[in-house]
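Q: This is query-v7.csv, which holds CSV, N, CA and C atoms:
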```csv
chain,number,residue,atom,x,y,z
A,355,GLN,N,0.8,-1.2,0.0
A,355,GLN,CA,0.0,0.0,0.0
A,355,GLN,C,0.9,1.2,0.0
A,356,VAL,N,0.6,2.2,-0.9
A,356,VAL,CA,1.3,3.4,-1.0
A,356,VAL,C,0.5,4.5,-0.4
A,357,GLN,N,1.1,5.3,0.5
A,357,GLN,CA,0.4,6.5,1.1
A,357,GLN,C,1.0,7.7,0.5
A,358,LEU,N,0.2,8.7,0.2
A,358,LEU,CA,0.6,10.0,-0.4
A,358,LEU,C,0.2,11.1,0.6
A,359,VAL,N,1.2,11.9,0.9
A,359,VAL,CA,0.9,13.1,1.8
A,359,VAL,C,1.2,14.4,1.1
A,360,GLU,N,0.2,15.2,0.9
A,360,GLU,CA,0.3,16.4,0.1
A,360,GLU,C,0.5,17.6,1.0
A,361,SER,N,1.2,18.6,0.5
A,361,SER,CA,1.3,19.9,1.2
A,361,SER,C,1.3,21.0,0.2
A,362,GLY,N,1.0,22.2,0.6
A,362,GLY,CA,1.0,23.3,-0.3
A,362,GLY,C,-0.4,23.7,-0.6
A,363,GLY,N,-0.6,24.5,-1.6
A,363,GLY,CA,-1.9,25.0,-2.0
A,363,GLY,C,-2.3,26.2,-1.2
A,364,GLY,N,-3.5,26.7,-1.4
A,364,GLY,CA,-3.9,27.9,-0.8
A,364,GLY,C,-4.6,28.9,-1.7
A,365,LEU,N,-4.6,30.1,-1.3
A,365,LEU,CA,-5.2,31.2,-2.0
A,365,LEU,C,-4.1,32.2,-2.5
A,366,VAL,N,-4.3,32.5,-3.8
A,366,VAL,CA,-3.3,33.4,-4.4
A,366,VAL,C,-4.0,34.3,-5.5
A,367,GLN,N,-3.4,35.5,-5.7
A,367,GLN,CA,-4.0,36.3,-6.7
A,367,GLN,C,-3.5,35.9,-8.1
A,368,ALA,N,-4.3,36.2,-9.1
A,368,ALA,CA,-3.9,35.9,-10.5
A,368,ALA,C,-2.5,36.5,-10.8
A,369,GLY,N,-1.7,35.6,-11.4
A,369,GLY,CA,-0.3,36.0,-11.7
A,369,GLY,C,0.7,35.6,-10.7
A,370,GLY,N,0.2,35.1,-9.5
A,370,GLY,CA,1.0,34.6,-8.5
A,370,GLY,C,1.5,33.2,-8.6
A,371,SER,N,2.2,32.7,-7.6
A,371,SER,CA,2.8,31.4,-7.7
A,371,SER,C,2.5,30.6,-6.4
A,372,LEU,N,2.4,29.3,-6.6
A,372,LEU,CA,2.3,28.3,-5.5
A,372,LEU,C,3.1,27.1,-5.8
A,373,ARG,N,3.4,26.4,-4.7
A,373,ARG,CA,4.2,25.2,-4.9
A,373,ARG,C,3.5,24.1,-4.1
A,374,LEU,N,3.2,23.0,-4.8
A,374,LEU,CA,2.6,21.8,-4.2
A,374,LEU,C,3.7,20.7,-4.0
A,375,SER,N,3.6,20.0,-2.9
A,375,SER,CA,4.5,18.9,-2.7
A,375,SER,C,3.8,17.6,-2.3
A,376,CYS,N,4.3,16.5,-2.6
A,376,CYS,CA,3.7,15.2,-2.3
A,376,CYS,C,4.8,14.2,-2.0
A,377,ALA,N,4.6,13.6,-0.8
A,377,ALA,CA,5.6,12.6,-0.4
A,377,ALA,C,4.9,11.2,-0.5
A,378,ALA,N,5.6,10.2,-1.0
A,378,ALA,CA,5.1,8.9,-1.2
A,378,ALA,C,5.9,7.9,-0.4
A,379,SER,N,5.2,6.9,0.1
A,379,SER,CA,5.8,5.7,0.7
A,379,SER,C,5.8,4.6,-0.2
A,380,GLY,N,6.9,3.8,-0.3
A,380,GLY,CA,6.9,2.7,-1.2
A,380,GLY,C,7.5,3.0,-2.6
A,381,SER,N,7.7,2.0,-3.4
A,381,SER,CA,8.3,2.1,-4.7
A,381,SER,C,7.2,2.6,-5.7
A,382,ILE,N,7.6,3.6,-6.5
A,382,ILE,CA,6.7,4.3,-7.4
A,382,ILE,C,7.4,4.4,-8.8
A,383,PHE,N,6.6,4.1,-9.8
A,383,PHE,CA,7.1,4.3,-11.2
A,383,PHE,C,6.9,5.8,-11.6
A,384,ALA,N,5.7,6.3,-11.5
A,384,ALA,CA,5.3,7.6,-11.9
A,384,ALA,C,4.6,8.4,-10.9
A,385,MET,N,4.8,9.6,-10.8
A,385,MET,CA,4.1,10.5,-9.8
A,385,MET,C,3.6,11.7,-10.6
A,386,GLY,N,2.5,12.2,-10.1
A,386,GLY,CA,2.0,13.4,-10.8
A,386,GLY,C,0.9,14.1,-10.0
A,387,TRP,N,0.3,15.1,-10.7
A,387,TRP,CA,-0.7,15.9,-10.1
A,387,TRP,C,-1.9,15.9,-11.1
A,388,TYR,N,-3.1,15.7,-10.6
A,388,TYR,CA,-4.3,15.9,-11.3
A,388,TYR,C,-5.1,17.0,-10.6
A,389,ARG,N,-6.1,17.6,-11.3
A,389,ARG,CA,-6.9,18.6,-10.6
A,389,ARG,C,-8.4,18.4,-11.0
A,390,GLN,N,-9.3,18.8,-10.2
A,390,GLN,CA,-10.7,18.7,-10.5
A,390,GLN,C,-11.4,20.0,-10.0
A,391,ALA,N,-11.9,20.7,-11.0
A,391,ALA,CA,-12.7,22.0,-10.7
A,391,ALA,C,-14.1,21.6,-10.5
A,392,PRO,N,-14.9,22.4,-9.8
A,392,PRO,CA,-16.3,22.1,-9.6
A,392,PRO,C,-17.1,21.9,-10.9
A,393,GLY,N,-17.8,20.8,-10.9
A,393,GLY,CA,-18.6,20.5,-12.1
A,393,GLY,C,-17.8,19.9,-13.3
A,394,LYS,N,-16.5,19.7,-13.1
A,394,LYS,CA,-15.7,19.2,-14.2
A,394,LYS,C,-15.0,17.9,-13.8
A,395,GLN,N,-14.6,17.2,-14.8
A,395,GLN,CA,-13.9,15.9,-14.6
A,395,GLN,C,-12.5,16.1,-14.1
A,396,ARG,N,-11.9,15.2,-13.4
A,396,ARG,CA,-10.6,15.2,-13.0
A,396,ARG,C,-9.7,15.1,-14.2
A,397,GLU,N,-8.6,16.0,-14.2
A,397,GLU,CA,-7.8,16.0,-15.4
A,397,GLU,C,-6.3,16.0,-15.0
A,398,LEU,N,-5.5,15.4,-15.8
A,398,LEU,CA,-4.0,15.4,-15.6
A,398,LEU,C,-3.5,16.8,-15.7
A,399,VAL,N,-2.6,17.2,-14.8
A,399,VAL,CA,-1.9,18.5,-14.8
A,399,VAL,C,-0.5,18.2,-15.3
A,400,ALA,N,0.2,17.3,-14.6
A,400,ALA,CA,1.6,17.0,-14.9
A,400,ALA,C,2.0,15.7,-14.3
A,401,GLU,N,2.9,15.0,-15.0
A,401,GLU,CA,3.3,13.7,-14.5
A,401,GLU,C,4.8,13.6,-14.8
A,402,ILE,N,5.5,12.8,-14.0
A,402,ILE,CA,6.9,12.5,-14.2
A,402,ILE,C,7.2,11.1,-13.8
A,403,THR,N,7.9,10.4,-14.7
A,403,THR,CA,8.2,9.0,-14.5
A,403,THR,C,9.5,8.8,-13.7
A,404,SER,N,9.8,7.6,-13.4
A,404,SER,CA,11.1,7.3,-12.7
A,404,SER,C,12.3,7.6,-13.6
A,405,GLY,N,12.0,7.5,-14.9
A,405,GLY,CA,13.1,7.8,-15.8
A,405,GLY,C,13.3,9.3,-16.1
A,406,GLY,N,12.4,10.1,-15.6
A,406,GLY,CA,12.5,11.6,-15.8
A,406,GLY,C,11.6,12.1,-16.9
A,407,SER,N,10.9,11.3,-17.6
A,407,SER,CA,10.0,11.8,-18.6
A,407,SER,C,8.8,12.6,-18.0
A,408,LYS,N,8.6,13.7,-18.6
A,408,LYS,CA,7.5,14.6,-18.1
A,408,LYS,C,6.4,14.8,-19.1
A,409,ASN,N,5.2,14.9,-18.6
A,409,ASN,CA,4.0,15.1,-19.4
A,409,ASN,C,3.2,16.2,-18.8
A,410,TYR,N,2.8,17.2,-19.6
A,410,TYR,CA,2.1,18.4,-19.1
A,410,TYR,C,0.8,18.5,-19.8
A,411,ALA,N,-0.3,19.0,-19.2
A,411,ALA,CA,-1.5,19.4,-19.9
A,411,ALA,C,-1.1,20.7,-20.7
A,412,ASP,N,-1.7,20.8,-21.8
A,412,ASP,CA,-1.5,21.9,-22.7
A,412,ASP,C,-1.7,23.3,-22.0
A,413,SER,N,-2.7,23.2,-21.1
A,413,SER,CA,-3.1,24.5,-20.4
A,413,SER,C,-2.1,25.0,-19.4
A,414,VAL,N,-1.2,24.2,-19.0
A,414,VAL,CA,-0.2,24.6,-18.0
A,414,VAL,C,1.2,24.6,-18.5
A,415,LYS,N,1.4,24.2,-19.8
A,415,LYS,CA,2.8,24.2,-20.3
A,415,LYS,C,3.4,25.6,-20.3
A,416,GLY,N,4.6,25.7,-19.9
A,416,GLY,CA,5.3,27.0,-19.8
A,416,GLY,C,5.0,27.8,-18.5
A,417,ARG,N,4.1,27.3,-17.7
A,417,ARG,CA,3.7,27.9,-16.4
A,417,ARG,C,4.0,27.0,-15.2
A,418,PHE,N,3.8,25.8,-15.4
A,418,PHE,CA,4.0,24.8,-14.3
A,418,PHE,C,5.2,24.0,-14.6
A,419,THR,N,5.9,23.6,-13.5
A,419,THR,CA,7.1,22.7,-13.6
A,419,THR,C,7.0,21.6,-12.6
A,420,ILE,N,7.1,20.4,-13.1
A,420,ILE,CA,7.1,19.2,-12.1
A,420,ILE,C,8.5,18.7,-11.9
A,421,SER,N,8.8,18.3,-10.7
A,421,SER,CA,10.1,17.8,-10.4
A,421,SER,C,10.0,16.7,-9.4
A,422,ARG,N,11.0,15.8,-9.4
A,422,ARG,CA,10.9,14.7,-8.5
A,422,ARG,C,12.2,14.5,-7.8
A,423,ASP,N,12.2,14.2,-6.5
A,423,ASP,CA,13.3,13.8,-5.7
A,423,ASP,C,13.3,12.3,-5.4
A,424,HIS,N,14.1,11.6,-6.0
A,424,HIS,CA,14.0,10.1,-5.9
A,424,HIS,C,14.5,9.7,-4.5
A,425,ALA,N,15.4,10.4,-3.9
A,425,ALA,CA,16.0,10.1,-2.6
A,425,ALA,C,14.9,10.2,-1.5
A,426,LYS,N,14.1,11.3,-1.7
A,426,LYS,CA,13.0,11.6,-0.7
A,426,LYS,C,11.7,11.0,-1.1
A,427,ASN,N,11.6,10.5,-2.3
A,427,ASN,CA,10.4,10.0,-2.9
A,427,ASN,C,9.3,11.0,-2.9
A,428,THR,N,9.6,12.2,-3.4
A,428,THR,CA,8.7,13.3,-3.4
A,428,THR,C,8.5,13.8,-4.8
A,429,VAL,N,7.4,14.5,-5.0
A,429,VAL,CA,7.2,15.2,-6.3
A,429,VAL,C,6.7,16.6,-6.0
A,430,ASP,N,7.2,17.6,-6.7
A,430,ASP,CA,6.8,18.9,-6.5
A,430,ASP,C,6.2,19.5,-7.7
A,431,LEU,N,5.2,20.4,-7.6
A,431,LEU,CA,4.7,21.1,-8.7
A,431,LEU,C,4.8,22.6,-8.5
A,432,GLN,N,5.7,23.2,-9.2
A,432,GLN,CA,5.8,24.7,-9.1
A,432,GLN,C,4.8,25.3,-10.1
A,433,MET,N,3.9,26.1,-9.6
A,433,MET,CA,2.9,26.8,-10.4
A,433,MET,C,3.1,28.3,-10.4
A,434,ASN,N,3.5,28.8,-11.6
A,434,ASN,CA,3.7,30.2,-11.8
A,434,ASN,C,2.6,30.8,-12.7
A,435,SER,N,2.5,32.1,-12.7
A,435,SER,CA,1.6,32.8,-13.6
A,435,SER,C,0.2,32.2,-13.5
A,436,LEU,N,-0.3,32.0,-12.3
A,436,LEU,CA,-1.5,31.3,-12.0
A,436,LEU,C,-2.7,32.1,-12.5
A,437,LYS,N,-3.7,31.4,-13.0
A,437,LYS,CA,-4.9,32.1,-13.6
A,437,LYS,C,-6.1,31.6,-12.8
A,438,PRO,N,-7.2,32.4,-12.8
A,438,PRO,CA,-8.4,31.9,-12.1
A,438,PRO,C,-8.9,30.6,-12.5
A,439,GLU,N,-8.7,30.2,-13.8
A,439,GLU,CA,-9.1,28.9,-14.3
A,439,GLU,C,-8.3,27.8,-13.8
A,440,ASP,N,-7.2,28.1,-13.1
A,440,ASP,CA,-6.4,27.0,-12.4
A,440,ASP,C,-7.0,26.6,-11.1
A,441,THR,N,-8.0,27.3,-10.6
A,441,THR,CA,-8.7,27.0,-9.4
A,441,THR,C,-9.3,25.6,-9.4
A,442,ALA,N,-8.9,24.8,-8.4
A,442,ALA,CA,-9.4,23.4,-8.4
A,442,ALA,C,-8.8,22.7,-7.2
A,443,VAL,N,-9.3,21.5,-6.9
A,443,VAL,CA,-8.7,20.7,-5.9
A,443,VAL,C,-7.6,19.9,-6.7
A,444,TYR,N,-6.4,19.9,-6.2
A,444,TYR,CA,-5.3,19.2,-6.8
A,444,TYR,C,-5.0,18.0,-6.0
A,445,TYR,N,-4.8,16.9,-6.8
A,445,TYR,CA,-4.6,15.6,-6.2
A,445,TYR,C,-3.3,15.0,-6.6
A,446,CYS,N,-2.5,14.5,-5.7
A,446,CYS,CA,-1.3,13.8,-6.0
A,446,CYS,C,-1.7,12.4,-6.4
A,447,ASN,N,-0.9,11.9,-7.4
A,447,ASN,CA,-1.2,10.6,-8.0
A,447,ASN,C,0.1,9.8,-8.1
A,448,ALA,N,0.0,8.6,-7.8
A,448,ALA,CA,1.2,7.7,-8.0
A,448,ALA,C,0.8,6.4,-8.6
A,449,ALA,N,1.6,6.0,-9.6
A,449,ALA,CA,1.4,4.7,-10.3
A,449,ALA,C,2.6,3.8,-9.9
A,450,ARG,N,2.2,2.6,-9.6
A,450,ARG,CA,3.2,1.6,-9.1
A,450,ARG,C,4.0,1.0,-10.3
A,451,ASN,N,3.4,1.0,-11.5
A,451,ASN,CA,4.2,0.5,-12.6
A,451,ASN,C,3.8,1.2,-13.9
A,452,ALA,N,4.5,0.9,-15.0
A,452,ALA,CA,4.2,1.6,-16.2
A,452,ALA,C,2.8,1.3,-16.8
A,453,ALA,N,2.3,0.2,-16.5
A,453,ALA,CA,0.9,-0.2,-16.9
A,453,ALA,C,-0.1,0.6,-16.2
A,454,ARG,N,0.2,1.3,-15.1
A,454,ARG,CA,-0.8,2.0,-14.3
A,454,ARG,C,-1.8,1.1,-13.8
A,455,SER,N,-1.5,-0.2,-13.5
A,455,SER,CA,-2.4,-1.1,-13.0
A,455,SER,C,-2.7,-0.9,-11.5
A,456,LEU,N,-1.8,-0.2,-10.8
A,456,LEU,CA,-2.0,0.1,-9.4
A,456,LEU,C,-1.7,1.6,-9.3
A,457,VAL,N,-2.8,2.3,-8.9
A,457,VAL,CA,-2.7,3.8,-8.8
A,457,VAL,C,-3.2,4.2,-7.5
A,458,TYR,N,-2.6,5.2,-6.9
A,458,TYR,CA,-2.9,5.7,-5.6
A,458,TYR,C,-3.2,7.2,-5.7
A,459,TRP,N,-4.0,7.7,-4.8
A,459,TRP,CA,-4.4,9.1,-4.8
A,459,TRP,C,-4.2,9.7,-3.4
A,460,GLY,N,-3.8,11.0,-3.4
A,460,GLY,CA,-3.8,11.7,-2.2
A,460,GLY,C,-5.2,12.3,-1.9
A,461,ARG,N,-5.3,12.9,-0.8
A,461,ARG,CA,-6.6,13.4,-0.4
A,461,ARG,C,-7.0,14.7,-1.1
A,462,GLY,N,-6.1,15.4,-1.7
A,462,GLY,CA,-6.4,16.6,-2.4
A,462,GLY,C,-6.1,17.9,-1.6
A,463,THR,N,-5.7,18.9,-2.3
A,463,THR,CA,-5.4,20.2,-1.7
A,463,THR,C,-6.0,21.3,-2.5
A,464,GLN,N,-6.6,22.2,-1.9
A,464,GLN,CA,-7.4,23.3,-2.6
A,464,GLN,C,-6.4,24.4,-3.1
A,465,VAL,N,-6.5,24.7,-4.4
A,465,VAL,CA,-5.8,25.9,-5.0
A,465,VAL,C,-6.9,26.8,-5.5
A,466,THR,N,-6.8,28.0,-5.0
A,466,THR,CA,-7.8,29.1,-5.4
A,466,THR,C,-7.0,30.3,-5.9
A,467,VAL,N,-7.4,30.7,-7.1
A,467,VAL,CA,-6.7,31.8,-7.7
A,467,VAL,C,-7.8,32.9,-7.9
A,468,SER,N,-7.6,34.0,-7.3
A,468,SER,CA,-8.5,35.1,-7.4
A,468,SER,C,-8.1,36.1,-8.5
A,469,SER,N,-9.2,36.7,-9.1
A,469,SER,CA,-8.9,37.6,-10.2
A,469,SER,C,-8.7,39.0,-9.8
```
What does this structure look like when you write it as structure tokens?
A:
Amino acid sequence: QVQLVESGGGLVQAGGSLRLSCAASGSIFAMGWYRQAPGKQRELVAEITSGGSKNYADSVKGRFTISRDHAKNTVDLQMNSLKPEDTAVYYCNAARNAARSLVYWGRGTQVTVSS
């Protein structure tokens, strides 16, 4: 069983920055962040594999940066130039293997961007 502990999030004005962090227990292939806004489906924000491959949603490219510390088993999401449409609950995600047959979720952390 993998446990994910998230930190960060909060309220920020448009154009501001926030940093999310997630610590995982156990062996992980890929870690990432998803978000879910009210009335919308959960969507991928960014993901990074154990090999360092990164994948970003088009809406955050150039503004968000995902990084991973293998020694600490953590993943960070640096969010810059935040927009009101980035407002959502952000969930840490971890996949045990490349097939994504075992996936774990954090409890979520609220990010609110005011205009």
Q: Of the candidates A:Ser413, A:Met385, A:Met433, A:Ala425, which one gets nearest to A:Asn447 if we count all atoms listed in the file?
A: A:Met385
Q: Extract, using only C-alpha atoms, all DNA, RNA and protein residues at most 7 Å from A:Ile382, discarding same-chain residues fewer than 3 positions from it, and format them as a PDB file with N, CA and C atoms, in the coordinates of the input.
A:
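Here's the written file out-v3.pdb:
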```pdb
ATOM      1  N   ALA A 448       0.000   8.600  -7.800  1.00  0.00           N
ATOM      2  CA  ALA A 448       1.200   7.700  -8.000  1.00  0.00           C
ATOM      3  C   ALA A 448       0.800   6.400  -8.600  1.00  0.00           C
ATOM      4  N   ALA A 449       1.600   6.000  -9.600  1.00  0.00           N
ATOM      5  CA  ALA A 449       1.400   4.700 -10.300  1.00  0.00           C
ATOM      6  C   ALA A 449       2.600   3.800  -9.900  1.00  0.00           C
ATOM      7  N   ARG A 450       2.200   2.600  -9.600  1.00  0.00           N
ATOM      8  CA  ARG A 450       3.200   1.600  -9.100  1.00  0.00           C
ATOM      9  C   ARG A 450       4.000   1.000 -10.300  1.00  0.00           C
ATOM     10  N   ASN A 451       3.400   1.000 -11.500  1.00  0.00           N
ATOM     11  CA  ASN A 451       4.200   0.500 -12.600  1.00  0.00           C
ATOM     12  C   ASN A 451       3.800   1.200 -13.900  1.00  0.00           C
TER      13      ASN A 451
END
```
Q: Between A:Gln464, A:Ser469, A:Arg454, A:Ala442, which has the minimum distance to A:Pro392 (counting all atoms listed in the file)?
A: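 Using all atoms listed in the file, the shortest distance to A:Pro392 belongs to A:Ala442.
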Q: Nearest residue to A:Tyr445 out of A:Gly393, A:Gln432, A:Arg461, A:Gln367, using only N, CA and C atoms?
A: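 That would be A:Arg461, the residue with the smallest distance to A:Tyr445.
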Q: Please measure the separation of atom N of A:Ser407 and atom CA of A:Tyr388, giving the value in Å to one decimal.
A: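 Atom CA of A:Tyr388 lies 17.1 Å from atom N of A:Ser407.
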Q: Tell me, which residues of chain A carry DSSP strand (DSSP E), written as an NGL selection string?
A: :A and (358-362 or 364-367 or 372-378 or 384-390 or 397-403 or 408-410 or 418-423 or 428-433 or 442-449 or 457-459 or 463-468)
Q: Using all atoms listed in the file, which residue out of A:Val443, A:Thr419, A:Gly460, A:Leu358 lies closest to A:Leu431?
A: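 Ranking A:Val443, A:Thr419, A:Gly460, A:Leu358 by distance to A:Leu431, first place goes to A:Thr419.
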Q: What is the atom CA of A:Ala391 to atom C of A:Thr441 distance in Å?
A: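 Between these atoms lies a distance of 5.1 Å.
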Q: What gap, in Å, lies between atom CA of A:Ala400 and atom C of A:Gly380?
A: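 Those two atoms sit 19.5 Å apart.
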Q: May I have the protein, DNA and RNA residues with an atom at most 12 Å from (11.9, 15.5, -7.1), counting only C-alpha atoms in the file's coordinates, returned as a compact mmCIF listing (two decimals) with N, CA and C atoms, in the coordinates of the input?
A:
```txt
# COMPACT_ATOMS: atom_id res chain seq x y z
N LEU A 374 3.20 23.00 -4.80
CA LEU A 374 2.60 21.80 -4.20
C LEU A 374 3.70 20.70 -4.00
N SER A 375 3.60 20.00 -2.90
CA SER A 375 4.50 18.90 -2.70
C SER A 375 3.80 17.60 -2.30
N CYS A 376 4.30 16.50 -2.60
CA CYS A 376 3.70 15.20 -2.30
C CYS A 376 4.80 14.20 -2.00
N ALA A 377 4.60 13.60 -0.80
CA ALA A 377 5.60 12.60 -0.40
C ALA A 377 4.90 11.20 -0.50
N ALA A 378 5.60 10.20 -1.00
CA ALA A 378 5.10 8.90 -1.20
C ALA A 378 5.90 7.90 -0.40
N ALA A 384 5.70 6.30 -11.50
CA ALA A 384 5.30 7.60 -11.90
C ALA A 384 4.60 8.40 -10.90
N MET A 385 4.80 9.60 -10.80
CA MET A 385 4.10 10.50 -9.80
C MET A 385 3.60 11.70 -10.60
N GLY A 386 2.50 12.20 -10.10
CA GLY A 386 2.00 13.40 -10.80
C GLY A 386 0.90 14.10 -10.00
N GLU A 401 2.90 15.00 -15.00
CA GLU A 401 3.30 13.70 -14.50
C GLU A 401 4.80 13.60 -14.80
N ILE A 402 5.50 12.80 -14.00
CA ILE A 402 6.90 12.50 -14.20
C ILE A 402 7.20 11.10 -13.80
N THR A 403 7.90 10.40 -14.70
CA THR A 403 8.20 9.00 -14.50
C THR A 403 9.50 8.80 -13.70
N SER A 404 9.80 7.60 -13.40
CA SER A 404 11.10 7.30 -12.70
C SER A 404 12.30 7.60 -13.60
N GLY A 405 12.00 7.50 -14.90
CA GLY A 405 13.10 7.80 -15.80
C GLY A 405 13.30 9.30 -16.10
N GLY A 406 12.40 10.10 -15.60
CA GLY A 406 12.50 11.60 -15.80
C GLY A 406 11.60 12.10 -16.90
N LYS A 408 8.60 13.70 -18.60
CA LYS A 408 7.50 14.60 -18.10
C LYS A 408 6.40 14.80 -19.10
N THR A 419 5.90 23.60 -13.50
CA THR A 419 7.10 22.70 -13.60
C THR A 419 7.00 21.60 -12.60
N ILE A 420 7.10 20.40 -13.10
CA ILE A 420 7.10 19.20 -12.10
C ILE A 420 8.50 18.70 -11.90
N SER A 421 8.80 18.30 -10.70
CA SER A 421 10.10 17.80 -10.40
C SER A 421 10.00 16.70 -9.40
N ARG A 422 11.00 15.80 -9.40
CA ARG A 422 10.90 14.70 -8.50
C ARG A 422 12.20 14.50 -7.80
N ASP A 423 12.20 14.20 -6.50
CA ASP A 423 13.30 13.80 -5.70
C ASP A 423 13.30 12.30 -5.40
N HIS A 424 14.10 11.60 -6.00
CA HIS A 424 14.00 10.10 -5.90
C HIS A 424 14.50 9.70 -4.50
N ALA A 425 15.40 10.40 -3.90
CA ALA A 425 16.00 10.10 -2.60
C ALA A 425 14.90 10.20 -1.50
N LYS A 426 14.10 11.30 -1.70
CA LYS A 426 13.00 11.60 -0.70
C LYS A 426 11.70 11.00 -1.10
N ASN A 427 11.60 10.50 -2.30
CA ASN A 427 10.40 10.00 -2.90
C ASN A 427 9.30 11.00 -2.90
N THR A 428 9.60 12.20 -3.40
CA THR A 428 8.70 13.30 -3.40
C THR A 428 8.50 13.80 -4.80
N VAL A 429 7.40 14.50 -5.00
CA VAL A 429 7.20 15.20 -6.30
C VAL A 429 6.70 16.60 -6.00
N ASP A 430 7.20 17.60 -6.70
CA ASP A 430 6.80 18.90 -6.50
C ASP A 430 6.20 19.50 -7.70
N LEU A 431 5.20 20.40 -7.60
CA LEU A 431 4.70 21.10 -8.70
C LEU A 431 4.80 22.60 -8.50
N GLN A 432 5.70 23.20 -9.20
CA GLN A 432 5.80 24.70 -9.10
C GLN A 432 4.80 25.30 -10.10
```
Q: So, with all atoms listed in the file as the atoms that count, which of A:Ala453, A:Cys446, A:Trp459, A:Leu365 lies closest to A:Arg389?
A: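 Counting all atoms listed in the file, the residue closest to A:Arg389 is A:Cys446.
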Q: Choose the residue, out of A:Tyr410, A:Gly369, A:Gly364, A:Phe383, that has the smallest atom-to-atom separation from A:Ser455; count only C-alpha atoms.
A: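 Using only C-alpha atoms, the shortest distance to A:Ser455 belongs to A:Phe383.
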Q: From a backbone DSSP assignment, name each residue in stretch 355-464 of chain A labelled helix (DSSP H, G or I), as a ChimeraX atom specification.
A: /A:412-414,438-440
Q: Give me, as an MDAnalysis selection string, all polymer residues having an atom no more than 6 Å from A:Arg417, counting only C-alpha atoms and skipping those fewer than 2 positions away in the same chain.
A: chainID A and resid 414:415 434
Q: Please produce stretch 412-417 of chain A, completed to all heavy atoms, as a short mmCIF file (atom, residue, chain, number, x, y, z; two decimals), keeping the file's coordinate frame.
A:
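The resulting result-v2.cif:
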```cif
data_model
loop_
_atom_site.label_atom_id
_atom_site.label_comp_id
_atom_site.auth_asym_id
_atom_site.auth_seq_id
_atom_site.Cartn_x
_atom_site.Cartn_y
_atom_site.Cartn_z
N ASP A 412 -1.70 20.80 -21.80
CA ASP A 412 -1.50 21.90 -22.70
C ASP A 412 -1.70 23.30 -22.00
O ASP A 412 -1.03 24.25 -22.16
CB ASP A 412 -2.30 21.88 -23.95
CG ASP A 412 -1.82 20.79 -24.91
OD1 ASP A 412 -0.67 20.34 -24.77
OD2 ASP A 412 -2.60 20.40 -25.79
N SER A 413 -2.70 23.20 -21.10
CA SER A 413 -3.10 24.50 -20.40
C SER A 413 -2.10 25.00 -19.40
O SER A 413 -2.20 26.16 -19.00
CB SER A 413 -4.49 24.27 -19.73
OG SER A 413 -4.38 23.23 -18.77
N VAL A 414 -1.20 24.20 -19.00
CA VAL A 414 -0.20 24.60 -18.00
C VAL A 414 1.20 24.60 -18.50
O VAL A 414 2.15 25.05 -17.81
CB VAL A 414 -0.24 23.67 -16.76
CG1 VAL A 414 -1.67 23.58 -16.22
CG2 VAL A 414 0.32 22.29 -17.05
N LYS A 415 1.40 24.20 -19.80
CA LYS A 415 2.80 24.20 -20.30
C LYS A 415 3.40 25.60 -20.30
O LYS A 415 2.70 26.60 -20.68
CB LYS A 415 2.76 23.69 -21.76
CG LYS A 415 2.60 22.18 -21.85
CD LYS A 415 2.58 21.70 -23.30
CE LYS A 415 2.42 20.19 -23.38
NZ LYS A 415 2.33 19.71 -24.78
N GLY A 416 4.60 25.70 -19.90
CA GLY A 416 5.30 27.00 -19.80
C GLY A 416 5.00 27.80 -18.50
O GLY A 416 5.68 28.76 -18.20
N ARG A 417 4.10 27.30 -17.70
CA ARG A 417 3.70 27.90 -16.40
C ARG A 417 4.00 27.00 -15.20
O ARG A 417 4.44 27.52 -14.18
CB ARG A 417 2.27 28.36 -16.41
CG ARG A 417 1.87 29.32 -17.50
CD ARG A 417 0.44 29.84 -17.30
NE ARG A 417 -0.54 28.78 -17.36
CZ ARG A 417 -1.40 28.50 -16.38
NH1 ARG A 417 -1.38 29.21 -15.25
NH2 ARG A 417 -2.28 27.53 -16.52
#
```
